[in-house]
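As provided, entry_24.cif (mmCIF, C-alpha atoms) reads as follows.
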data_protein
loop_
_atom_site.label_atom_id
_atom_site.label_comp_id
_atom_site.auth_asym_id
_atom_site.auth_seq_id
_atom_site.Cartn_x
_atom_site.Cartn_y
_atom_site.Cartn_z
CA MET A 150 79.19 62.82 17.83
CA SER A 151 78.12 65.97 15.97
CA VAL A 152 75.75 65.62 13.04
CA THR A 153 76.83 67.23 9.77
CA ARG A 154 74.76 68.40 6.83
CA GLU A 155 76.92 66.26 4.54
CA ALA A 156 76.03 63.10 6.48
CA VAL A 157 72.34 63.93 6.20
CA VAL A 158 72.60 64.63 2.47
CA ASP A 159 74.47 61.36 1.87
CA LYS A 160 71.79 59.42 3.72
CA LEU A 161 68.98 61.15 1.83
CA LYS A 162 70.61 60.18 -1.46
CA THR A 163 69.54 56.62 -0.66
CA ILE A 164 65.85 57.61 -0.78
CA LYS A 165 64.24 57.15 -4.18
CA GLY A 166 62.17 60.00 -5.53
CA PRO A 167 58.53 59.88 -6.62
CA ASP A 168 57.87 57.07 -9.12
CA PHE A 169 61.29 55.54 -8.22
CA GLU A 170 63.17 57.92 -10.53
CA GLY A 171 66.46 59.16 -9.13
CA ASP A 172 66.87 60.15 -5.47
CA ILE A 173 65.26 63.04 -3.62
CA VAL A 174 68.55 64.96 -3.36
CA SER A 175 69.55 64.78 -7.04
CA LEU A 176 65.97 65.64 -8.00
CA GLY A 177 66.28 68.85 -5.99
CA LEU A 178 63.35 68.04 -3.70
CA VAL A 179 65.09 68.61 -0.35
CA SER A 180 64.96 72.05 1.24
CA GLU A 181 67.71 73.67 3.27
CA ILE A 182 68.70 71.34 6.11
CA PHE A 183 68.61 72.85 9.59
CA ILE A 184 70.42 71.07 12.45
CA ALA A 185 70.02 72.09 16.10
CA ASP A 186 70.99 70.05 19.15
CA ALA A 187 71.41 66.87 17.08
CA LYS A 188 67.90 67.27 15.64
CA VAL A 189 67.47 67.57 11.89
CA PHE A 190 64.76 69.66 10.20
CA PHE A 191 63.95 69.85 6.49
CA SER A 192 61.10 69.54 4.01
CA ILE A 193 60.55 67.60 0.78
CA THR A 194 58.86 69.34 -2.16
CA VAL A 195 56.08 67.32 -3.83
CA PRO A 196 52.97 68.21 -5.86
CA ALA A 197 50.16 69.17 -3.48
CA ALA A 198 47.77 66.75 -5.17
CA ARG A 199 50.09 63.83 -4.36
CA ALA A 200 50.92 64.76 -0.75
CA GLN A 201 48.91 61.94 0.83
CA GLU A 202 50.15 59.39 -1.70
CA LEU A 203 53.78 60.35 -1.03
CA GLU A 204 53.56 60.20 2.78
CA PRO A 205 55.57 56.90 2.75
CA LEU A 206 58.40 58.81 1.04
CA ARG A 207 58.44 61.35 3.85
CA ALA A 208 58.39 58.60 6.46
CA ALA A 209 61.26 56.78 4.73
CA ALA A 210 63.37 59.95 4.69
CA GLU A 211 62.65 60.53 8.37
CA ARG A 212 63.61 56.96 9.30
CA ALA A 213 66.80 57.21 7.26
CA VAL A 214 67.92 60.42 8.96
CA LYS A 215 67.07 59.09 12.43
CA SER A 216 69.34 56.10 11.74
CA ILE A 217 72.40 58.35 11.38
CA PRO A 218 74.69 58.00 14.43
CA GLY A 219 74.36 61.03 16.67
CA VAL A 220 70.93 62.12 15.39
CA ALA A 221 68.53 62.62 18.30
CA GLY A 222 65.45 63.25 16.19
CA ALA A 223 64.17 64.43 12.84
CA VAL A 224 61.31 66.65 11.70
CA VAL A 225 60.47 66.08 8.04
CA ALA A 226 57.56 67.73 6.25
CA LEU A 227 56.05 67.48 2.80
CA THR A 228 55.59 70.87 1.16
CA ALA A 229 54.38 72.14 -2.21
CA GLU A 230 56.04 75.17 -3.76
CA LYS A 231 53.88 77.46 -5.91
CA LYS A 232 54.77 79.81 -8.74
CA GLY A 233 53.06 83.09 -9.48
CA GLY A 234 49.58 82.57 -10.85
CA GLY A 235 48.97 79.61 -8.61
CA MET A 236 50.89 77.06 -10.70
CA GLU A 237 52.49 74.29 -8.71
CA GLN A 238 56.20 73.78 -8.80
CA PRO A 239 56.52 70.45 -10.61
CA VAL A 240 58.69 67.67 -9.24
CA ARG A 241 61.94 67.78 -11.20
CA ARG A 242 62.68 64.43 -12.82
CA PRO A 243 65.57 63.37 -15.07
CA SER A 244 64.87 63.09 -18.79
CA PRO A 245 63.26 59.76 -19.61
CA PRO A 246 65.50 57.21 -21.36
CA PRO A 247 64.71 56.13 -24.94
CA ALA A 248 61.89 53.66 -25.18
CA ALA A 249 63.09 50.08 -24.87
CA PRO A 250 61.69 47.25 -26.97
CA ALA A 251 60.41 45.44 -23.91
CA GLN A 252 57.75 47.05 -21.77
CA ARG A 253 59.05 48.29 -18.44
CA ALA A 254 57.60 46.55 -15.42
CA ALA A 255 55.47 48.65 -13.16
CA PRO A 256 56.95 49.38 -9.71
CA PRO A 257 55.46 47.46 -6.81
CA PRO A 258 52.58 49.25 -5.07
CA ARG A 259 53.52 51.26 -1.99
CA PRO A 260 51.79 50.36 1.27
CA ALA A 261 49.37 53.00 2.50
CA PRO A 262 50.28 54.66 5.81
CA PRO A 263 48.40 53.20 8.77
CA LYS A 264 45.35 55.16 9.82
CA ALA A 265 44.97 56.10 13.46
CA PRO A 266 41.52 55.93 14.97
CA ALA A 267 39.51 59.11 14.60
CA SER A 268 38.52 61.19 17.59
CA HIS A 269 34.90 61.52 18.71
CA GLY A 270 33.15 61.92 15.39
CA SER A 271 35.42 64.74 14.22
CA GLY A 272 37.36 62.80 11.64
CA LYS A 273 40.59 63.99 13.29
CA ARG A 274 43.09 61.64 14.86
CA GLY A 275 42.79 61.51 18.62
CA VAL A 276 45.77 61.34 20.96
CA PRO A 277 45.79 58.17 23.10
CA GLY A 278 45.31 58.85 26.81
CA ILE A 279 44.13 62.47 26.40
CA ASP A 280 40.42 63.03 27.03
CA ALA A 281 40.22 66.64 25.82
CA ILE A 282 42.49 69.17 24.11
CA ILE A 283 41.83 72.88 24.66
CA ALA A 284 43.44 75.63 22.60
CA VAL A 285 44.29 79.01 24.12
CA ALA A 286 44.58 81.49 21.26
CA SER A 287 44.69 85.17 20.41
CA GLY A 288 44.35 87.10 17.18
CA LYS A 289 47.62 88.93 17.89
CA GLY A 290 50.65 88.76 20.15
CA GLY A 291 51.26 90.77 23.29
CA VAL A 292 47.89 90.21 24.99
CA GLY A 293 49.14 87.79 27.65
CA LYS A 294 48.05 84.58 25.94
CA SER A 295 50.88 82.40 27.26
CA THR A 296 50.54 83.68 30.83
CA THR A 297 46.82 82.97 30.61
CA ALA A 298 47.43 79.48 29.18
CA VAL A 299 49.86 78.57 31.97
CA ASN A 300 47.62 79.82 34.78
CA LEU A 301 44.55 78.25 33.16
CA ALA A 302 46.33 74.89 33.06
CA LEU A 303 47.35 75.27 36.71
CA GLY A 304 43.81 76.35 37.56
CA LEU A 305 42.41 73.21 35.94
CA ALA A 306 44.91 71.12 37.90
CA ALA A 307 43.83 72.92 41.08
CA ASN A 308 40.29 71.75 40.28
CA GLY A 309 41.51 68.16 40.54
CA LEU A 310 42.29 67.34 36.89
CA LYS A 311 45.34 65.67 35.37
CA VAL A 312 46.64 68.36 33.03
CA GLY A 313 49.34 68.74 30.37
CA LEU A 314 50.56 71.91 28.67
CA LEU A 315 51.83 72.01 25.07
CA ASP A 316 53.64 75.17 24.03
CA ALA A 317 52.75 75.32 20.32
CA ASP A 318 54.26 78.77 19.81
CA ILE A 319 57.22 77.53 17.72
CA TYR A 320 58.73 80.95 17.05
CA GLY A 321 58.46 82.32 20.60
CA PRO A 322 58.13 79.48 23.13
CA SER A 323 57.39 80.89 26.60
CA VAL A 324 56.61 77.83 28.71
CA PRO A 325 60.23 77.03 29.71
CA ARG A 326 60.59 80.47 31.28
CA LEU A 327 57.06 80.73 32.69
CA MET A 328 57.26 77.28 34.29
CA ASN A 329 60.95 77.53 35.24
CA VAL A 330 61.83 74.29 33.44
CA HIS A 331 65.05 73.92 31.46
CA GLY A 332 67.11 71.16 29.91
CA ARG A 333 66.31 68.51 27.33
CA PRO A 334 63.52 65.94 27.60
CA LYS A 335 64.56 62.28 27.68
CA THR A 336 63.32 59.81 25.10
CA ILE A 337 62.02 56.25 25.01
CA ASP A 338 64.14 54.24 22.55
CA GLY A 339 65.26 57.52 20.98
CA LYS A 340 61.83 58.03 19.41
CA VAL A 341 59.14 59.07 21.90
CA LEU A 342 59.75 62.13 24.08
CA ILE A 343 59.11 62.04 27.82
CA PRO A 344 57.45 65.33 28.81
CA MET A 345 59.07 67.62 31.35
CA GLU A 346 57.14 68.26 34.58
CA ASN A 347 56.68 71.03 37.12
CA PHE A 348 53.90 72.17 39.46
CA GLY A 349 52.03 68.96 38.68
CA LEU A 350 51.79 69.64 34.93
CA LYS A 351 53.30 67.62 32.09
CA LEU A 352 55.03 69.99 29.68
CA MET A 353 56.35 70.04 26.13
CA SER A 354 57.79 72.99 24.22
CA MET A 355 60.13 73.66 21.32
CA GLY A 356 62.01 75.70 23.91
CA PHE A 357 63.13 72.41 25.49
CA LEU A 358 64.58 71.22 22.18
CA VAL A 359 66.24 74.36 20.81
CA ASP A 360 68.29 76.98 22.66
CA GLU A 361 66.37 80.11 23.63
CA GLU A 362 68.41 82.35 21.32
CA THR A 363 68.30 80.02 18.29
CA PRO A 364 66.24 81.69 15.52
CA MET A 365 63.48 79.49 14.09
CA ILE A 366 63.26 80.29 10.37
CA TRP A 367 60.85 77.66 9.07
CA ARG A 368 58.21 77.39 6.42
CA GLY A 369 54.64 76.54 7.40
CA PRO A 370 54.81 72.78 6.65
CA MET A 371 57.91 72.38 8.83
CA VAL A 372 56.14 74.16 11.69
CA MET A 373 53.17 71.84 11.38
CA SER A 374 55.38 68.77 11.33
CA ALA A 375 57.14 69.93 14.50
CA LEU A 376 53.81 70.59 16.23
CA THR A 377 52.50 67.19 15.18
CA GLN A 378 55.54 65.46 16.66
CA MET A 379 55.34 67.42 19.92
CA LEU A 380 51.68 66.40 20.20
CA ARG A 381 51.72 62.79 19.02
CA GLU A 382 55.28 61.59 19.73
CA VAL A 383 55.22 62.44 23.43
CA GLU A 384 54.45 60.00 26.23
CA TRP A 385 51.69 62.14 27.77
CA GLY A 386 50.16 59.27 29.71
CA LYS A 387 46.62 59.67 31.02
CA LEU A 388 45.43 63.28 30.94
CA ASP A 389 42.00 64.77 31.54
CA VAL A 390 42.95 67.92 29.63
CA LEU A 391 45.84 69.05 27.44
CA VAL A 392 46.06 72.85 27.20
CA VAL A 393 47.69 74.06 23.96
CA ASP A 394 49.26 77.51 23.96
CA MET A 395 48.63 78.33 20.28
CA PRO A 396 50.83 80.59 18.15
CA PRO A 397 49.42 84.14 18.00
CA GLY A 398 47.57 85.23 14.89
CA THR A 399 45.47 83.40 12.31
CA GLY A 400 47.94 82.28 9.67
CA ASP A 401 48.37 78.95 7.90
CA ALA A 402 50.03 77.25 10.88
CA GLN A 403 47.21 78.16 13.26
CA LEU A 404 44.48 77.26 10.79
CA THR A 405 46.09 73.95 9.86
CA MET A 406 46.54 73.00 13.49
CA ALA A 407 42.92 73.84 14.24
CA GLN A 408 41.92 71.63 11.32
CA GLN A 409 44.14 68.66 12.18
CA VAL A 410 44.16 68.52 15.98
CA PRO A 411 40.99 67.15 17.64
CA LEU A 412 40.33 70.27 19.70
CA ALA A 413 37.51 69.98 22.23
CA GLY A 414 37.27 73.76 22.41
CA ALA A 415 39.10 77.08 22.20
CA VAL A 416 39.62 79.95 24.62
CA ILE A 417 40.29 83.38 23.09
CA VAL A 418 42.43 85.90 25.02
CA SER A 419 42.06 89.63 24.31
CA THR A 420 42.61 92.99 25.96
CA PRO A 421 39.70 95.48 26.18
CA GLN A 422 41.01 97.82 23.49
CA ASP A 423 39.31 97.92 20.11
CA LEU A 424 42.43 96.98 18.12
CA ALA A 425 42.92 93.76 20.09
CA LEU A 426 39.22 92.93 19.76
CA ILE A 427 39.44 93.24 15.98
CA ASP A 428 42.14 90.57 15.98
CA ALA A 429 40.25 88.49 18.54
CA ARG A 430 37.30 88.34 16.12
CA LYS A 431 39.63 86.85 13.51
CA GLY A 432 40.59 84.12 15.95
CA LEU A 433 36.96 83.43 16.79
CA ASN A 434 36.03 83.22 13.12
CA MET A 435 38.94 80.90 12.40
CA PHE A 436 37.75 78.37 14.97
CA LYS A 437 34.15 78.69 13.81
CA LYS A 438 35.25 77.99 10.25
CA VAL A 439 36.80 74.65 11.26
CA ASP A 440 33.96 73.70 13.66
CA VAL A 441 35.96 74.01 16.89
CA PRO A 442 33.65 74.89 19.83
CA LEU A 443 34.30 78.31 21.38
CA LEU A 444 34.54 77.92 25.13
CA GLY A 445 34.71 81.67 25.72
CA ILE A 446 36.70 84.88 25.89
CA VAL A 447 39.08 86.07 28.62
CA GLU A 448 39.67 89.81 28.98
CA ASN A 449 43.30 90.18 30.05
CA MET A 450 44.82 93.44 31.36
CA SER A 451 41.23 94.40 32.08
CA TYR A 452 41.95 97.12 34.62
CA PHE A 453 44.68 98.39 36.95
CA LEU A 454 44.41 98.91 40.72
CA ALA A 455 46.94 101.42 42.07
CA PRO A 456 48.86 99.64 44.85
CA ASP A 457 49.13 102.78 46.99
CA THR A 458 45.56 104.10 46.75
CA GLY A 459 43.56 101.13 45.48
CA LYS A 460 42.08 103.38 42.81
CA ARG A 461 41.04 101.63 39.62
CA TYR A 462 42.29 102.74 36.20
CA ASP A 463 40.94 101.35 32.92
CA ILE A 464 44.18 101.83 31.00
CA PHE A 465 43.10 99.89 27.90
CA GLY A 466 39.40 100.66 28.26
CA HIS A 467 37.12 98.19 29.98
CA GLY A 468 34.41 95.68 29.16
CA GLY A 469 35.19 95.45 25.46
CA ALA A 470 35.72 91.68 25.52
CA ARG A 471 32.57 91.14 27.57
CA LYS A 472 30.49 93.16 25.10
CA GLU A 473 32.07 91.29 22.20
CA ALA A 474 31.24 87.96 23.84
CA GLU A 475 27.63 89.05 24.30
CA ARG A 476 27.42 90.26 20.72
CA LEU A 477 28.73 86.96 19.37
CA GLY A 478 26.82 84.76 21.78
CA VAL A 479 30.05 83.41 23.31
CA ALA A 480 30.64 82.83 27.03
CA PHE A 481 32.59 85.51 28.87
CA LEU A 482 35.05 83.66 31.12
CA GLY A 483 36.40 86.48 33.26
CA GLU A 484 38.52 89.60 33.70
CA VAL A 485 42.20 89.44 34.63
CA PRO A 486 43.60 92.72 36.02
CA LEU A 487 46.89 94.29 35.02
CA GLU A 488 48.89 93.47 38.16
CA MET A 489 52.60 93.72 38.86
CA VAL A 490 52.51 90.52 40.90
CA ILE A 491 51.24 88.53 37.91
CA ARG A 492 54.04 89.85 35.72
CA GLU A 493 56.71 89.38 38.40
CA SER A 494 55.66 85.83 39.24
CA SER A 495 55.56 84.92 35.54
CA ASP A 496 59.04 86.31 34.91
CA ALA A 497 60.31 84.41 37.95
CA GLY A 498 58.95 81.10 36.67
CA ALA A 499 56.48 80.79 39.53
CA PRO A 500 52.98 81.44 38.08
CA ILE A 501 50.59 83.23 40.40
CA VAL A 502 48.25 80.23 40.79
CA VAL A 503 51.04 78.26 42.52
CA SER A 504 53.16 81.07 44.01
CA GLU A 505 50.22 82.77 45.77
CA PRO A 506 47.42 80.17 45.61
CA ASP A 507 45.29 81.97 48.21
CA GLY A 508 45.64 85.40 46.64
CA PRO A 509 42.90 87.24 44.73
CA GLN A 510 44.68 86.91 41.36
CA ALA A 511 45.01 83.14 41.70
CA LYS A 512 41.31 82.93 42.52
CA ILE A 513 40.51 84.76 39.27
CA TYR A 514 42.38 82.16 37.24
CA ARG A 515 40.85 79.27 39.19
CA ASP A 516 37.38 80.70 38.56
CA ILE A 517 38.16 81.04 34.85
CA ALA A 518 39.37 77.43 34.83
CA ALA A 519 36.14 76.32 36.52
CA ARG A 520 34.07 78.14 33.87
CA VAL A 521 36.16 76.60 31.08
CA LEU A 522 35.60 73.16 32.56
CA GLU A 523 31.86 73.83 32.83
CA ARG A 524 31.70 74.99 29.20
CA LEU A 525 33.72 71.96 28.10
CA LYS A 526 31.25 69.63 29.79
CA GLU A 527 28.35 71.47 28.14
CA GLU A 528 29.94 71.10 24.70
CA GLN A 529 30.68 67.43 25.26
CA ALA A 530 27.13 66.80 26.49
CA GLY A 531 25.74 68.66 23.47
CA ALA A 532 27.91 66.63 21.09
CA ALA A 533 26.77 63.39 22.72
CA ALA A 534 23.11 64.43 22.49
CA ALA A 535 23.54 65.28 18.81
CA THR A 536 24.81 61.79 18.01
CA PRO A 537 21.95 59.77 16.47
CA ALA A 538 20.90 56.65 18.32
CA ILE A 539 20.78 53.33 16.47
CA VAL A 540 17.60 51.39 17.32
CA PHE A 541 17.21 47.70 16.54
CA GLU A 542 13.68 46.46 16.14
#

Please express what this file holds, its structure, as structure tokens.
Amino acid sequence: MSVTREAVVDKLKTIKGPDFEGDIVSLGLVSEIFIADAKVFFSITVPAARAQELEPLRAAAERAVKSIPGVAGAVVALTAEKKGGGMEQPVRRPSPPPAAPAQRAAPPPRPAPPKAPASHGSGKRGVPGIDAIIAVASGKGGVGKSTTAVNLALGLAANGLKVGLLDADIYGPSVPRLMNVHGRPKTIDGKVLIPMENFGLKLMSMGFLVDEETPMIWRGPMVMSALTQMLREVEWGKLDVLVVDMPPGTGDAQLTMAQQVPLAGAVIVSTPQDLALIDARKGLNMFKKVDVPLLGIVENMSYFLAPDTGKRYDIFGHGGARKEAERLGVAFLGEVPLEMVIRESSDAGAPIVVSEPDGPQAKIYRDIAARVLERLKEEQAGAAAATPAIVFE
């Protein structure tokens, strides 16, 4: 059964607006409704100052839409529109009725949303079963971030860890192609997604939920809601590490994710050229600003070896990322050459770490993974040492 916009609107008309006045549709609080593969996406406009208070409203709207026959899932976000000058868009309410002689009874108090346990001292909600979450990020696109994330995850698995990979690049998901996994993930009771699997990794990507050629035209809050669901409403099971392929850049979506997800550390991917390093610094500063440990920098497309002569060419310059790491006091994790075999294996959906595990390129990624793991242990040990001990006398 296909899901129609009209059916969604009719269902949302049953949801009372803020302060129980009218419904969220008649109040004009519902954004454009986007439907893809029986999944419904929309946002609800509320004052920013009341976002936490109105979380039960969002949850009620989500439950209502999920109850529609044929709906496979729903992504609902709270968002706050702003006018020029920084003034919030007020919630539109109908004109109040004339005062009645008798005092109107106050509405019953709304229950507060349940609070999940915080992760290790960060104040951010942890994900059950996942010991550590690592972000792979870049200040700009086109530097090979996704290829690095995939081979890093496979390198960690080759070092004996249980690893998952979350493709958080909503607008340009690459994991389905890079890992040669297609189709739709199954669900548990129509609510929790079962991750896809290949090469020993558990995988989740928006590319599994929406067709490759479907344009994703979303506002920031909707992106964050989708990322939250792909992270927290997936049956990941027991994982030592979840690698997150972050969206490129340093916009609101990236910053909000870095603030909300309990990241154990971040890996920055850059090319040697100055322009890429400028953007890489932005990524480094973003993670510093939200107190996410920097595990190090990877210099991708570091150099090119001519296949016929073996001569080395520094097409994009060389050593820029290493010098930047030294300047900033950040670990340098390694150099990945510009190699045809890496590109060809990625395009074929057989990453180099698994397609040629004994080759020199696979060894580079495995070594980078080993250094990431070492840095992760150092950060975790440092965090544990910084925790004050409680002494009873």

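Going from CA of Asp440 in chain A over to CA of Pro196 in chain A, you cover 27.8 Å.
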
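Within the file as shown, the PyMOL selection byres ((chain A and resi 175) around 12) identifies Val158, Asp159, Leu161, Lys162, Thr163, Ile164, Lys165, Gly166, Glu170, Gly171, Asp172, Ile173, Val174, Leu176, Gly177, Leu178, Val179, Ser180, Val240, Arg241, Arg242 and Pro243 of chain A.
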
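Using only C-alpha atoms, the shortest contact distance between Thr336 in chain A and any of A:Glu384, A:Glu493, A:Glu448, A:Glu528 is found at A:Glu384.
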
*Choose the residue, out of A:Val503, A:Leu310, A:Ile513, A:Ala530, that has the smallest atom-to-atom separation from Asn347 in chain A; count only C-alpha atoms.*
A:Val503

*the PyMOL selection byres ((chain A and resi 206) around 12) on the file shown: which residues, as a count of residues only?*
37

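Rounded to one decimal, CA of Arg520 in chain A and CA of Lys431 in chain A lie 22.8 Å from each other.
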
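Closest approach to Gly459 in chain A among A:Val189, A:Val393, A:Pro500, A:Glu488: A:Glu488, based on only C-alpha atoms.
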